[in-house]
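*Asks:* Pasting structure.txt below, which is compact mmCIF, C-alpha atoms.
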```txt
# COMPACT_ATOMS: atom_id res chain seq x y z
CA MET A 1 -42.57 -24.79 -33.97
CA MET A 2 -40.76 -21.46 -34.38
CA ASP A 3 -41.50 -19.35 -37.43
CA TYR A 4 -38.20 -18.97 -39.35
CA GLY A 5 -39.96 -17.27 -42.23
CA ASP A 6 -40.30 -13.99 -40.31
CA THR A 7 -37.35 -11.87 -41.41
CA SER A 8 -37.76 -8.92 -39.03
CA ILE A 9 -34.78 -8.42 -36.77
CA LEU A 10 -36.94 -8.42 -33.62
CA SER A 11 -38.43 -11.80 -34.55
CA THR A 12 -34.99 -13.21 -35.28
CA VAL A 13 -33.59 -12.04 -31.96
CA SER A 14 -36.60 -13.47 -30.11
CA GLN A 15 -35.92 -16.85 -31.73
CA ILE A 16 -32.26 -16.60 -30.72
CA GLN A 17 -33.29 -15.89 -27.12
CA ALA A 18 -35.58 -18.92 -27.05
CA LEU A 19 -32.95 -21.19 -28.58
CA THR A 20 -30.35 -19.92 -26.11
CA LYS A 21 -32.57 -21.02 -23.22
CA GLU A 22 -33.13 -24.37 -24.91
CA LEU A 23 -29.39 -24.78 -25.36
CA VAL A 24 -28.68 -24.12 -21.70
CA LYS A 25 -31.34 -26.66 -20.74
CA ALA A 26 -29.84 -29.30 -23.06
CA LYS A 27 -26.45 -28.65 -21.49
CA GLU A 28 -27.77 -29.04 -17.96
CA GLU A 29 -29.54 -32.29 -18.88
CA LEU A 30 -26.34 -33.59 -20.55
CA ASP A 31 -28.30 -34.18 -23.76
CA LYS A 32 -25.43 -33.99 -26.23
CA GLU A 33 -27.51 -34.79 -29.31
CA ARG A 34 -30.06 -32.07 -28.56
CA PHE A 35 -27.27 -29.66 -27.64
CA SER A 36 -25.61 -30.13 -31.06
CA HIS A 37 -28.97 -29.79 -32.82
CA VAL A 38 -29.72 -26.46 -31.11
CA VAL A 39 -26.17 -25.19 -31.76
CA ASN A 40 -26.65 -25.78 -35.49
CA LYS A 41 -30.03 -24.04 -35.38
CA LEU A 42 -28.51 -21.05 -33.62
CA LEU A 43 -25.65 -20.83 -36.09
CA GLN A 44 -28.07 -20.80 -39.00
CA LEU A 45 -30.23 -18.16 -37.35
CA ILE A 46 -27.32 -15.90 -36.38
CA GLU A 47 -26.13 -15.96 -39.98
CA THR A 48 -29.43 -14.38 -41.02
CA LEU A 49 -29.14 -11.67 -38.37
CA PRO A 50 -27.97 -8.38 -39.90
CA ALA A 51 -25.43 -6.20 -38.13
CA VAL A 52 -27.24 -3.93 -35.70
CA ASP A 53 -27.67 -0.42 -37.13
CA LEU A 54 -28.41 1.99 -34.28
CA SER A 55 -29.75 4.59 -36.72
CA LEU A 56 -32.85 2.38 -37.10
CA VAL A 57 -35.48 2.44 -34.36
CA GLU A 58 -36.18 -1.31 -34.51
CA HIS A 59 -32.45 -2.07 -34.32
CA ARG A 60 -31.99 0.16 -31.28
CA ALA A 61 -34.64 -1.87 -29.48
CA VAL A 62 -32.91 -5.22 -30.04
CA GLU A 63 -29.28 -4.15 -29.51
CA PRO A 64 -29.35 -4.82 -25.73
CA LEU A 65 -31.09 -8.16 -26.38
CA VAL A 66 -28.32 -9.25 -28.78
CA GLN A 67 -25.73 -8.21 -26.24
CA SER A 68 -27.55 -10.06 -23.46
CA CYS A 69 -27.67 -13.30 -25.50
CA ALA A 70 -23.96 -13.04 -26.24
CA VAL A 71 -23.11 -12.46 -22.56
CA ASN A 72 -25.32 -15.35 -21.42
CA LEU A 73 -23.74 -17.76 -23.87
CA TRP A 74 -20.24 -16.65 -22.91
CA ASN A 75 -20.96 -16.96 -19.19
CA GLU A 76 -22.38 -20.45 -19.73
CA ALA A 77 -19.16 -21.43 -21.50
CA VAL A 78 -16.97 -20.06 -18.71
CA THR A 79 -19.08 -21.68 -15.97
CA SER A 80 -19.20 -25.03 -17.76
CA LYS A 81 -15.44 -25.04 -18.28
CA ASN A 82 -14.76 -24.23 -14.64
CA GLU A 83 -17.21 -26.87 -13.41
CA GLY A 84 -16.20 -29.44 -16.00
CA THR A 85 -19.84 -30.21 -16.71
CA VAL A 86 -19.66 -30.29 -20.53
CA LEU A 87 -17.27 -31.55 -23.18
CA VAL A 88 -14.60 -29.21 -24.54
CA ASP A 89 -16.25 -29.09 -27.98
CA GLN A 90 -19.50 -27.93 -26.36
CA THR A 91 -17.63 -25.18 -24.51
CA ALA A 92 -16.05 -24.13 -27.79
CA ALA A 93 -19.47 -24.05 -29.47
CA LEU A 94 -20.87 -21.79 -26.73
CA ARG A 95 -17.93 -19.40 -27.10
CA HIS A 96 -18.29 -19.45 -30.87
CA LEU A 97 -21.98 -18.52 -30.73
CA ALA A 98 -21.28 -15.70 -28.28
CA CYS A 99 -18.50 -14.44 -30.54
CA LYS A 100 -20.69 -14.37 -33.65
CA LEU A 101 -23.40 -12.49 -31.78
CA LEU A 102 -20.92 -10.00 -30.37
CA PHE A 103 -19.75 -9.07 -33.85
CA ARG A 104 -23.37 -8.33 -34.80
CA GLU A 105 -23.57 -5.52 -32.23
CA GLY A 106 -23.87 -1.97 -33.52
CA GLY A 107 -22.61 1.32 -32.18
CA PRO A 108 -19.41 3.31 -32.54
CA ILE A 109 -15.96 1.72 -32.53
CA VAL A 110 -14.56 2.49 -29.07
CA ALA A 111 -11.57 1.08 -27.21
CA GLU A 112 -13.54 -1.02 -24.72
CA LYS A 113 -15.63 -2.57 -27.47
CA CYS A 114 -12.51 -3.36 -29.49
CA LYS A 115 -10.92 -5.08 -26.49
CA LYS A 116 -14.04 -7.14 -25.85
CA GLN A 117 -14.39 -8.28 -29.47
CA ALA A 118 -10.70 -9.14 -29.75
CA MET A 119 -10.67 -11.08 -26.47
CA VAL A 120 -13.79 -13.07 -27.34
CA ALA A 121 -12.56 -13.95 -30.84
CA LEU A 122 -9.11 -15.00 -29.64
CA LYS A 123 -10.42 -17.09 -26.75
CA SER A 124 -13.04 -18.71 -28.97
CA ALA A 125 -10.37 -19.71 -31.45
CA ARG A 126 -8.25 -21.10 -28.62
CA ALA A 127 -11.22 -23.17 -27.43
CA TRP A 128 -11.62 -24.74 -30.88
CA LEU A 129 -7.92 -25.53 -31.04
CA ASP A 130 -8.08 -27.12 -27.59
CA CYS A 131 -10.67 -29.59 -28.87
CA GLY A 132 -8.74 -30.29 -32.08
CA ASN A 133 -10.86 -28.35 -34.56
CA PRO A 134 -8.51 -25.95 -36.41
CA SER A 135 -11.00 -25.23 -39.21
CA MET A 136 -13.50 -23.74 -36.76
CA ALA A 137 -10.67 -21.85 -35.05
CA GLU A 138 -9.80 -20.35 -38.42
CA GLU A 139 -13.42 -19.34 -38.99
CA THR A 140 -13.56 -17.62 -35.60
CA LEU A 141 -10.27 -15.83 -36.20
CA GLY A 142 -11.77 -14.66 -39.45
CA LEU A 143 -14.15 -12.51 -37.43
CA SER A 144 -11.18 -10.73 -35.89
CA GLU A 145 -9.58 -10.38 -39.29
CA LYS A 146 -12.80 -8.81 -40.51
CA ALA A 147 -12.77 -6.41 -37.56
CA PHE A 148 -9.12 -5.59 -38.22
CA GLY A 149 -8.97 -5.80 -41.97
CA GLN A 150 -12.28 -4.83 -43.56
CA GLN A 151 -13.07 -1.69 -41.61
CA GLN A 152 -11.66 1.75 -42.29
CA PHE A 153 -7.97 1.77 -41.53
CA GLU A 154 -8.37 4.09 -38.53
CA ASN A 155 -10.93 1.84 -36.87
CA ALA A 156 -8.94 -1.29 -37.65
CA SER A 157 -5.77 0.14 -36.14
CA ARG A 158 -7.77 1.18 -33.08
CA HIS A 159 -8.90 -2.43 -32.72
CA LEU A 160 -5.30 -3.57 -32.88
CA GLN A 161 -4.03 -1.10 -30.30
CA ALA A 162 -6.84 -2.08 -27.93
CA SER A 163 -5.94 -5.72 -28.43
CA ARG A 164 -2.26 -5.04 -27.74
CA GLU A 165 -3.21 -3.42 -24.44
CA MET A 166 -5.20 -6.57 -23.67
CA LEU A 167 -2.03 -8.66 -23.94
CA VAL A 168 -0.93 -7.40 -20.52
CA LYS A 169 -3.71 -9.54 -19.03
CA PHE A 170 -3.71 -12.28 -21.68
CA PRO A 171 -0.10 -12.70 -22.91
CA GLU A 172 -0.89 -16.21 -24.15
CA GLU A 173 -2.96 -14.67 -26.95
CA ALA A 174 0.00 -12.81 -28.47
CA ALA A 175 0.65 -15.47 -31.12
CA TYR A 176 -2.94 -15.21 -32.38
CA LEU A 177 -2.83 -11.42 -32.46
CA SER A 178 0.48 -11.50 -34.32
CA MET A 179 -0.98 -13.94 -36.83
CA LEU A 180 -4.07 -11.78 -37.35
CA SER A 181 -1.91 -8.75 -38.02
CA TYR A 182 0.24 -10.75 -40.42
CA ASN A 183 -2.84 -11.97 -42.34
CA CYS A 184 -4.09 -8.39 -42.61
CA GLY A 185 -0.67 -7.38 -43.91
CA VAL A 186 -0.78 -10.13 -46.54
CA GLU A 187 -4.26 -9.04 -47.63
CA ARG A 188 -3.17 -5.41 -47.95
CA TYR A 189 0.03 -6.38 -49.78
CA ASN A 190 -1.84 -8.55 -52.30
CA GLY A 191 -4.33 -5.73 -52.79
CA GLY A 192 -1.58 -3.21 -53.54
CA ARG A 193 -2.25 -1.13 -50.41
CA LEU A 194 1.39 -1.09 -49.47
CA GLN A 195 1.40 1.64 -46.83
CA GLU A 196 -1.23 -0.22 -44.81
CA ALA A 197 0.59 -3.52 -45.43
CA VAL A 198 3.72 -2.01 -43.87
CA TYR A 199 1.73 -0.95 -40.79
CA TRP A 200 0.18 -4.39 -40.21
CA LEU A 201 3.38 -6.32 -40.84
CA ARG A 202 5.36 -4.10 -38.47
CA GLN A 203 2.69 -4.61 -35.82
CA SER A 204 2.80 -8.37 -36.33
CA TYR A 205 6.56 -8.46 -35.92
CA GLU A 206 6.59 -6.18 -32.86
CA ILE A 207 3.88 -8.18 -31.08
CA GLY A 208 5.77 -11.41 -31.67
CA LYS A 209 9.03 -9.85 -30.53
CA GLU A 210 7.65 -8.23 -27.37
CA GLN A 211 5.87 -11.33 -26.13
CA HIS A 212 8.38 -13.91 -27.46
CA ALA A 213 5.28 -15.71 -28.73
CA VAL A 214 6.23 -16.36 -32.36
CA SER A 215 8.96 -18.61 -33.72
CA ALA A 216 12.02 -17.12 -35.40
CA ARG A 217 10.96 -18.75 -38.67
CA HIS A 218 7.58 -17.01 -38.65
CA GLN A 219 9.12 -13.72 -37.57
CA ALA A 220 11.56 -13.94 -40.48
CA ARG A 221 8.65 -14.62 -42.86
CA THR A 222 6.94 -11.45 -41.64
CA LEU A 223 10.13 -9.43 -42.08
CA ARG A 224 10.61 -10.71 -45.64
CA LEU A 225 7.13 -9.60 -46.65
CA LEU A 226 7.66 -6.27 -44.87
CA SER A 227 10.88 -5.77 -46.81
CA SER A 228 9.06 -6.57 -50.07
CA ALA A 229 6.36 -4.04 -49.19
CA TYR A 230 9.00 -1.35 -48.66
CA ILE A 231 10.77 -2.02 -51.95
CA ASP A 232 7.49 -2.25 -53.90
CA TRP A 233 6.16 0.92 -52.30
CA ASP A 234 9.10 3.15 -53.22
CA PRO A 235 12.40 1.41 -54.08
CA GLU A 236 14.38 4.65 -53.91
CA LYS A 237 12.89 6.17 -50.77
CA TYR A 238 12.69 2.95 -48.73
CA HIS A 239 15.71 1.13 -50.14
CA ASP A 240 17.69 1.22 -46.89
CA LEU A 241 14.68 0.21 -44.80
CA ALA A 242 14.04 -2.75 -47.10
CA ALA A 243 17.70 -3.78 -46.96
CA ASN A 244 17.89 -3.55 -43.16
CA THR A 245 14.62 -5.43 -42.73
CA VAL A 246 15.61 -8.36 -44.91
CA ALA A 247 19.03 -8.44 -43.24
CA LEU A 248 17.26 -8.87 -39.91
CA ALA A 249 15.10 -11.63 -41.40
CA ASN A 250 18.13 -13.48 -42.73
CA ALA A 251 19.89 -13.13 -39.39
CA ASP A 252 16.88 -14.51 -37.50
CA CYS A 253 16.27 -17.43 -39.85
CA SER A 254 18.17 -17.93 -43.09
CA HIS A 255 15.93 -18.84 -46.01
CA PRO A 256 16.53 -18.79 -49.79
CA ALA A 257 13.57 -16.43 -50.25
CA GLY A 258 15.29 -13.93 -47.95
CA LEU A 259 18.56 -14.21 -49.84
CA TYR A 260 16.70 -13.77 -53.13
CA LEU A 261 15.09 -10.63 -51.71
CA LYS A 262 18.50 -9.32 -50.64
CA LEU A 263 19.72 -9.77 -54.22
CA ARG A 264 16.64 -8.00 -55.57
CA ILE A 265 17.19 -5.02 -53.26
CA LEU A 266 20.85 -4.76 -54.25
CA LEU A 267 19.91 -4.76 -57.94
CA CYS A 268 17.39 -1.96 -57.27
CA ALA A 269 20.16 0.36 -56.11
CA ALA A 270 21.21 3.11 -58.47
CA GLU A 271 24.79 1.87 -58.15
CA ASP A 272 25.69 -1.47 -56.64
CA ASP A 273 29.02 -3.08 -55.88
CA GLU A 274 29.65 -5.99 -58.26
CA THR A 275 31.47 -8.02 -55.61
CA THR A 276 28.65 -7.59 -53.09
CA THR A 277 26.01 -8.51 -55.64
CA GLN A 278 27.98 -11.57 -56.77
CA ALA A 279 28.25 -12.67 -53.14
CA ALA A 280 24.49 -12.20 -52.63
CA LEU A 281 23.73 -14.33 -55.70
CA ARG A 282 26.18 -16.99 -54.56
CA ASP A 283 24.65 -17.12 -51.06
CA CYS A 284 21.20 -17.56 -52.57
CA LEU A 285 22.20 -20.30 -55.01
CA HIS A 286 24.12 -22.25 -52.38
CA HIS A 287 21.45 -22.22 -49.68
CA PRO A 288 20.60 -25.82 -48.64
CA GLU A 289 16.85 -25.27 -49.09
CA LEU A 290 17.09 -23.67 -52.53
CA THR A 291 14.93 -25.13 -55.30
CA ALA A 292 15.95 -24.99 -58.94
CA GLU A 293 12.84 -22.91 -59.65
CA LEU A 294 13.82 -20.21 -57.15
CA GLY A 295 17.40 -20.33 -58.39
CA LEU A 296 16.23 -19.64 -61.94
CA THR A 297 14.01 -16.84 -60.64
CA ALA A 298 17.07 -15.25 -59.04
CA ILE A 299 19.03 -15.54 -62.28
CA ASP A 300 16.08 -14.17 -64.27
CA LEU A 301 16.24 -11.13 -61.97
CA CYS A 302 19.80 -10.61 -63.18
CA VAL A 303 18.63 -11.03 -66.79
CA LYS A 304 16.02 -8.29 -66.34
CA ASN A 305 18.71 -6.01 -64.93
CA SER A 306 21.04 -6.71 -67.90
CA ARG A 307 23.77 -8.26 -65.72
CA HIS A 308 25.37 -10.74 -68.13
CA ASN A 309 28.26 -11.69 -65.87
CA LEU A 310 25.89 -12.43 -63.01
CA VAL A 311 23.65 -14.48 -65.27
CA MET A 312 26.45 -16.67 -66.61
CA SER A 313 28.02 -17.10 -63.18
CA GLY A 314 24.65 -17.99 -61.67
CA LEU A 315 23.82 -20.53 -64.38
CA ARG A 316 27.18 -22.20 -63.92
CA GLN A 317 26.67 -22.46 -60.14
CA LEU A 318 23.12 -23.68 -60.46
CA MET A 319 24.07 -26.34 -63.00
CA GLU A 320 26.88 -27.59 -60.76
CA ARG A 321 24.38 -28.00 -57.95
CA PHE A 322 21.63 -29.76 -59.94
CA GLU A 323 23.78 -31.53 -62.57
CA GLU A 324 22.63 -35.02 -61.61
CA LYS A 325 18.99 -34.12 -61.00
CA THR A 326 16.00 -33.85 -63.32
CA GLU A 327 15.91 -30.07 -62.77
CA ALA A 328 19.14 -29.79 -64.78
CA ASP A 329 17.18 -29.95 -68.05
CA SER A 330 15.11 -26.90 -67.06
CA ILE A 331 18.34 -25.06 -66.31
CA ARG A 332 19.75 -25.98 -69.75
CA LEU A 333 16.53 -24.77 -71.38
CA PHE A 334 16.72 -21.44 -69.52
CA HIS A 335 20.42 -21.13 -70.43
CA LEU A 336 19.73 -21.70 -74.14
CA LYS A 337 16.83 -19.26 -74.16
CA TYR A 338 19.01 -16.60 -72.57
CA LEU A 339 21.89 -17.12 -75.02
CA LEU A 340 19.59 -16.96 -78.05
CA HIS A 341 17.66 -13.90 -76.89
CA SER A 342 20.85 -12.07 -75.96
CA CYS A 343 22.42 -12.96 -79.37
CA HIS A 344 25.28 -15.05 -77.93
CA LEU A 345 24.83 -17.45 -80.85
CA ALA A 346 28.20 -19.19 -80.78
CA GLU A 347 27.73 -20.13 -77.11
CA ALA A 348 24.14 -21.15 -77.91
CA GLU A 349 25.31 -23.58 -80.62
CA THR A 350 27.84 -25.11 -78.25
CA LEU A 351 25.10 -25.66 -75.67
CA VAL A 352 22.72 -27.12 -78.29
CA ASN A 353 25.37 -29.64 -79.33
CA GLN A 354 25.85 -30.64 -75.67
CA ILE A 355 22.09 -31.12 -75.27
CA ILE A 356 21.85 -33.20 -78.46
CA GLU A 357 24.81 -35.33 -77.39
CA ARG A 358 23.15 -35.88 -74.00
CA ARG A 359 19.92 -36.95 -75.72
CA SER A 360 21.82 -39.34 -77.98
CA THR A 361 23.22 -41.13 -74.91
CA ARG A 362 19.68 -42.19 -73.98
CA HIS A 363 19.18 -39.41 -71.45
CA ARG A 364 15.43 -39.06 -71.11
CA PHE A 365 14.27 -35.48 -71.54
CA ALA A 366 10.70 -34.69 -70.54
CA ASP A 367 8.47 -34.22 -73.59
CA SER A 368 7.65 -30.67 -72.49
CA ILE A 369 11.38 -29.80 -72.39
CA VAL A 370 11.96 -31.24 -75.88
CA LYS A 371 9.03 -29.27 -77.30
CA GLN A 372 10.33 -26.05 -75.77
CA LEU A 373 13.85 -26.72 -77.08
CA GLN A 374 12.51 -27.32 -80.58
CA SER A 375 10.38 -24.20 -80.37
CA LEU A 376 13.43 -22.11 -79.47
CA LEU A 377 15.45 -23.56 -82.34
CA TRP A 378 12.65 -23.01 -84.86
CA GLU A 379 12.22 -19.45 -83.63
CA GLN A 380 15.94 -18.80 -84.17
CA ALA A 381 15.82 -20.44 -87.62
CA SER A 382 12.88 -18.23 -88.61
CA SER A 383 14.77 -15.13 -87.48
CA SER A 384 17.73 -16.14 -89.64
CA PHE A 385 15.48 -16.80 -92.64
CA GLU A 386 13.89 -13.34 -92.34
CA VAL A 387 17.30 -11.68 -92.72
CA LYS A 388 18.24 -14.08 -95.56
CA GLN A 389 20.87 -15.91 -93.52
CA TYR A 390 19.87 -19.19 -95.16
CA GLU A 391 22.88 -21.31 -94.22
CA GLU A 392 22.57 -20.24 -90.61
CA CYS A 393 18.86 -20.96 -90.80
CA LEU A 394 19.62 -24.49 -92.04
CA ARG A 395 21.93 -25.09 -89.09
CA TRP A 396 19.21 -24.24 -86.59
CA TYR A 397 16.69 -26.42 -88.43
CA SER A 398 19.25 -29.23 -88.44
CA TYR A 399 19.64 -28.92 -84.68
CA ALA A 400 15.86 -29.10 -84.30
CA LEU A 401 15.76 -32.17 -86.57
CA ARG A 402 18.34 -33.96 -84.41
CA LEU A 403 16.05 -33.55 -81.39
CA PHE A 404 13.39 -35.69 -83.08
CA ASP A 405 13.46 -39.41 -82.41
CA GLY A 406 11.86 -42.24 -84.37
CA SER A 407 8.50 -41.85 -82.66
CA GLU A 408 7.83 -38.60 -84.56
CA ASN A 409 8.05 -40.14 -88.06
CA GLY A 410 5.10 -38.98 -90.13
CA SER A 411 4.22 -36.20 -87.71
CA GLU A 412 2.96 -32.85 -88.96
CA ASP A 413 5.79 -30.99 -87.20
CA LEU A 414 8.44 -33.15 -88.84
CA GLY A 415 6.87 -32.57 -92.27
CA LYS A 416 6.83 -28.83 -91.67
CA LEU A 417 10.49 -28.94 -90.65
CA PHE A 418 11.48 -30.61 -93.92
CA ARG A 419 9.42 -28.12 -95.93
CA ASN A 420 11.21 -25.24 -94.19
CA ARG A 421 14.58 -26.83 -95.00
CA CYS A 422 13.48 -27.14 -98.62
CA ALA A 423 12.72 -23.41 -98.68
CA CYS A 424 16.27 -22.71 -97.48
CA PHE A 425 17.81 -24.97 -100.15
CA CYS A 426 15.69 -23.28 -102.81
CA ALA A 427 16.87 -19.85 -101.66
CA LEU A 428 20.47 -21.12 -101.87
CA LYS A 429 19.72 -22.68 -105.33
CA GLN A 430 20.90 -26.10 -104.06
CA LEU A 431 18.36 -28.01 -106.11
CA ASP A 432 19.88 -31.43 -105.49
CA GLN A 433 19.35 -30.89 -101.76
CA VAL A 434 15.78 -29.78 -102.45
CA ASP A 435 15.05 -33.11 -104.19
CA SER A 436 16.69 -35.06 -101.39
CA CYS A 437 14.85 -33.14 -98.67
CA ALA A 438 11.52 -33.48 -100.50
```
Please lay out the structure from this file as structure tokens.
*Replies:*
Amino acid sequence: MMDYGDTSILSTVSQIQALTKELVKAKEELDKERFSHVVNKLLQLIETLPAVDLSLVEHRAVEPLVQSCAVNLWNEAVTSKNEGTVLVDQTAALRHLACKLLFREGGPIVAEKCKKQAMVALKSARAWLDCGNPSMAEETLGLSEKAFGQQQFENASRHLQASREMLVKFPEEAAYLSMLSYNCGVERYNGGRLQEAVYWLRQSYEIGKEQHAVSARHQARTLRLLSSAYIDWDPEKYHDLAANTVALANADCSHPAGLYLKLRILLCAAEDDETTTQAALRDCLHHPELTAELGLTAIDLCVKNSRHNLVMSGLRQLMERFEEKTEADSIRLFHLKYLLHSCHLAEAETLVNQIIERRSTRHRFADSIVKQLQSLLWEQASSSFEVKQYEECLRWYSYALRLFDGSENGSEDLGKLFRNRCACFCALKQLDQVDSCA
């Protein structure tokens, strides 16, 4: 029995060597059960193996042994595949083990080492996909992402350039390399490292374009995120780059997210043409794949930029599109909130009456929508009360009352509503109404 309690790196590598020999023997004897058992043992053991640090004497002694194990496992995988002597999942396991060992090697980051690591990771992932195991492929690709994404930027970019040179010999791996670069770009973007995000996303797009390995839909997705990185990085300096990039994305594959981004970029301009911006909003709201949620996000963008005409035009278009769908109630709620907060009170009252009339015709509003509507009306009533506009306050409380149905009788909220109305009648000295309301 091997001693797994010994934590020295030399002991661990010795155990890996012994298990590697046992694995090869199990493969040759076609003992699938034993093969799987040894693979699992090796995986567990490799996980405990620290990255080789060549500044340590003990580590320098085992570095060639780690490399030798990785090479032996890889060669066994290649030989077995060519001879057809093992199952595809066993070949994938051999490649995977070699890959994990290879990424434990120490030493400086040089071009040849980068190429080797990238090739092994990409081919290992392909082997897992070939045997229908995408989760293991993702784990293997994660090693490449670590090599690309978690090192210092200079080393990571050197890895990428070495991998791009490798594509001359292995063009079929371009899609994986493009995806790795995209994932690194996403990580950098989410972490606020926008300059590095721009680098990785540009690389992802260029690799896909050069090798024709990535679909137009995925290329457009990369371009949209690249455009967002530009506009988040410096909206004034990179405005034109962001605009050109999203235009290319929309030309390659039209998507509502791309049209939303185009609108956002136009609104970031110091001066924008009203007609052009209206057209951009219209294109976004009329896209076949648009959701009501994204449509409201686009309109909210106009709200934040104080573009009343765009807001009202957008709400009208969005309502026309979703009039007969359940999303229409969310649009009405957004519309009312906007009118109240922008002090368009006459239009708000007209909309409230339409909503109440719709509810009275047995239209079923979601409970969450009703609660939000009532909250808005109470908020407006409170604002009116604070400035001693008591009659106006009563109107808003009356609207809120009409949104209650019989199921709320005796509820705490309904009691509070009547007490608030009483306070208004008292302030107006309408004592008969106070008695009636009480």
*Asks:* Give me the residues near Lys81 in chain A as a list in words, where near means some atom within 10 Å (using all atoms listed in the file) and where sequence neighbours in that chain fewer than 5 positions away do not count.
*Replies:* Asn75, Glu76, Val86, Leu87, Val88, Gln90, Thr91 and Ala92 of chain A
*Asks:* Pick out the residues sitting within 7 Å of range 269-285 of chain A, and hand them over as a list in words; count only C-alpha atoms, and ignore anything fewer than 4 positions along from it in its own chain.
*Replies:*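 Non-adjacent residues within range: Pro256, Leu259, Tyr260, Lys262, Leu263, Ile265, Leu290, Gly295, Leu310 and Leu318 of chain A.
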*Asks:* Near Leu102 in chain A, counting only C-alpha atoms, which residues have an atom at most 9 Å away, once you skip same-chain residues fewer than 4 positions from it, shown as a ChimeraX atom specification?
*Replies:* /A:66-67,69-71,97-98,116-117,120
*Asks:* Skip Asp252 in chain A itself and residues of its chain fewer than 5 positions away, then list as a list in words all residues within 8 Å of it, counting all atoms listed in the file.
*Replies:*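 Neighbouring residues, sequence-local ones excluded: Ala216, Arg217, Gln219 and Ala220 of chain A.
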*Asks:* Which residue is closest to Trp396 in chain A? Choose from A:Tyr230, A:Tyr338, A:Tyr176, A:Trp378 and count only C-alpha atoms.
*Replies:*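 Residue with the minimum atom-to-atom distance to Trp396 in chain A: A:Trp378.
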*Asks:* Using the atoms already present, construct N, CA, C and O atoms for range 376-387 of chain A and hand them back as a short mmCIF file (atom, residue, chain, number, x, y, z; two decimals), keeping the file's coordinate frame.
*Replies:*
```cif
data_model
loop_
_atom_site.label_atom_id
_atom_site.label_comp_id
_atom_site.auth_asym_id
_atom_site.auth_seq_id
_atom_site.Cartn_x
_atom_site.Cartn_y
_atom_site.Cartn_z
N LEU A 376 12.37 -23.12 -79.49
CA LEU A 376 13.43 -22.11 -79.47
C LEU A 376 14.27 -22.17 -80.74
O LEU A 376 14.61 -21.14 -81.34
N LEU A 377 14.61 -23.39 -81.15
CA LEU A 377 15.45 -23.56 -82.34
C LEU A 377 14.71 -23.12 -83.60
O LEU A 377 15.30 -22.49 -84.49
N TRP A 378 13.44 -23.44 -83.70
CA TRP A 378 12.65 -23.01 -84.86
C TRP A 378 12.53 -21.50 -84.88
O TRP A 378 12.57 -20.87 -85.94
N GLU A 379 12.33 -20.91 -83.72
CA GLU A 379 12.22 -19.45 -83.63
C GLU A 379 13.51 -18.79 -84.13
O GLU A 379 13.48 -17.80 -84.88
N GLN A 380 14.66 -19.36 -83.73
CA GLN A 380 15.94 -18.80 -84.17
C GLN A 380 16.13 -19.00 -85.67
O GLN A 380 16.64 -18.11 -86.38
N ALA A 381 15.72 -20.16 -86.18
CA ALA A 381 15.82 -20.44 -87.62
C ALA A 381 14.96 -19.45 -88.40
O ALA A 381 15.39 -18.90 -89.43
N SER A 382 13.77 -19.18 -87.93
CA SER A 382 12.88 -18.23 -88.61
C SER A 382 13.48 -16.83 -88.65
O SER A 382 13.39 -16.12 -89.66
N SER A 383 14.13 -16.45 -87.53
CA SER A 383 14.77 -15.13 -87.48
C SER A 383 15.89 -15.04 -88.51
O SER A 383 16.05 -14.02 -89.19
N SER A 384 16.64 -16.12 -88.65
CA SER A 384 17.73 -16.14 -89.64
C SER A 384 17.18 -16.09 -91.05
O SER A 384 17.75 -15.41 -91.93
N PHE A 385 16.08 -16.79 -91.30
CA PHE A 385 15.48 -16.80 -92.64
C PHE A 385 15.00 -15.40 -93.02
O PHE A 385 15.15 -14.97 -94.17
N GLU A 386 14.41 -14.68 -92.06
CA GLU A 386 13.89 -13.34 -92.34
C GLU A 386 14.97 -12.38 -92.80
O GLU A 386 14.70 -11.47 -93.59
N VAL A 387 16.20 -12.57 -92.32
CA VAL A 387 17.30 -11.68 -92.72
C VAL A 387 18.15 -12.33 -93.81
O VAL A 387 19.29 -11.92 -94.06
#
```
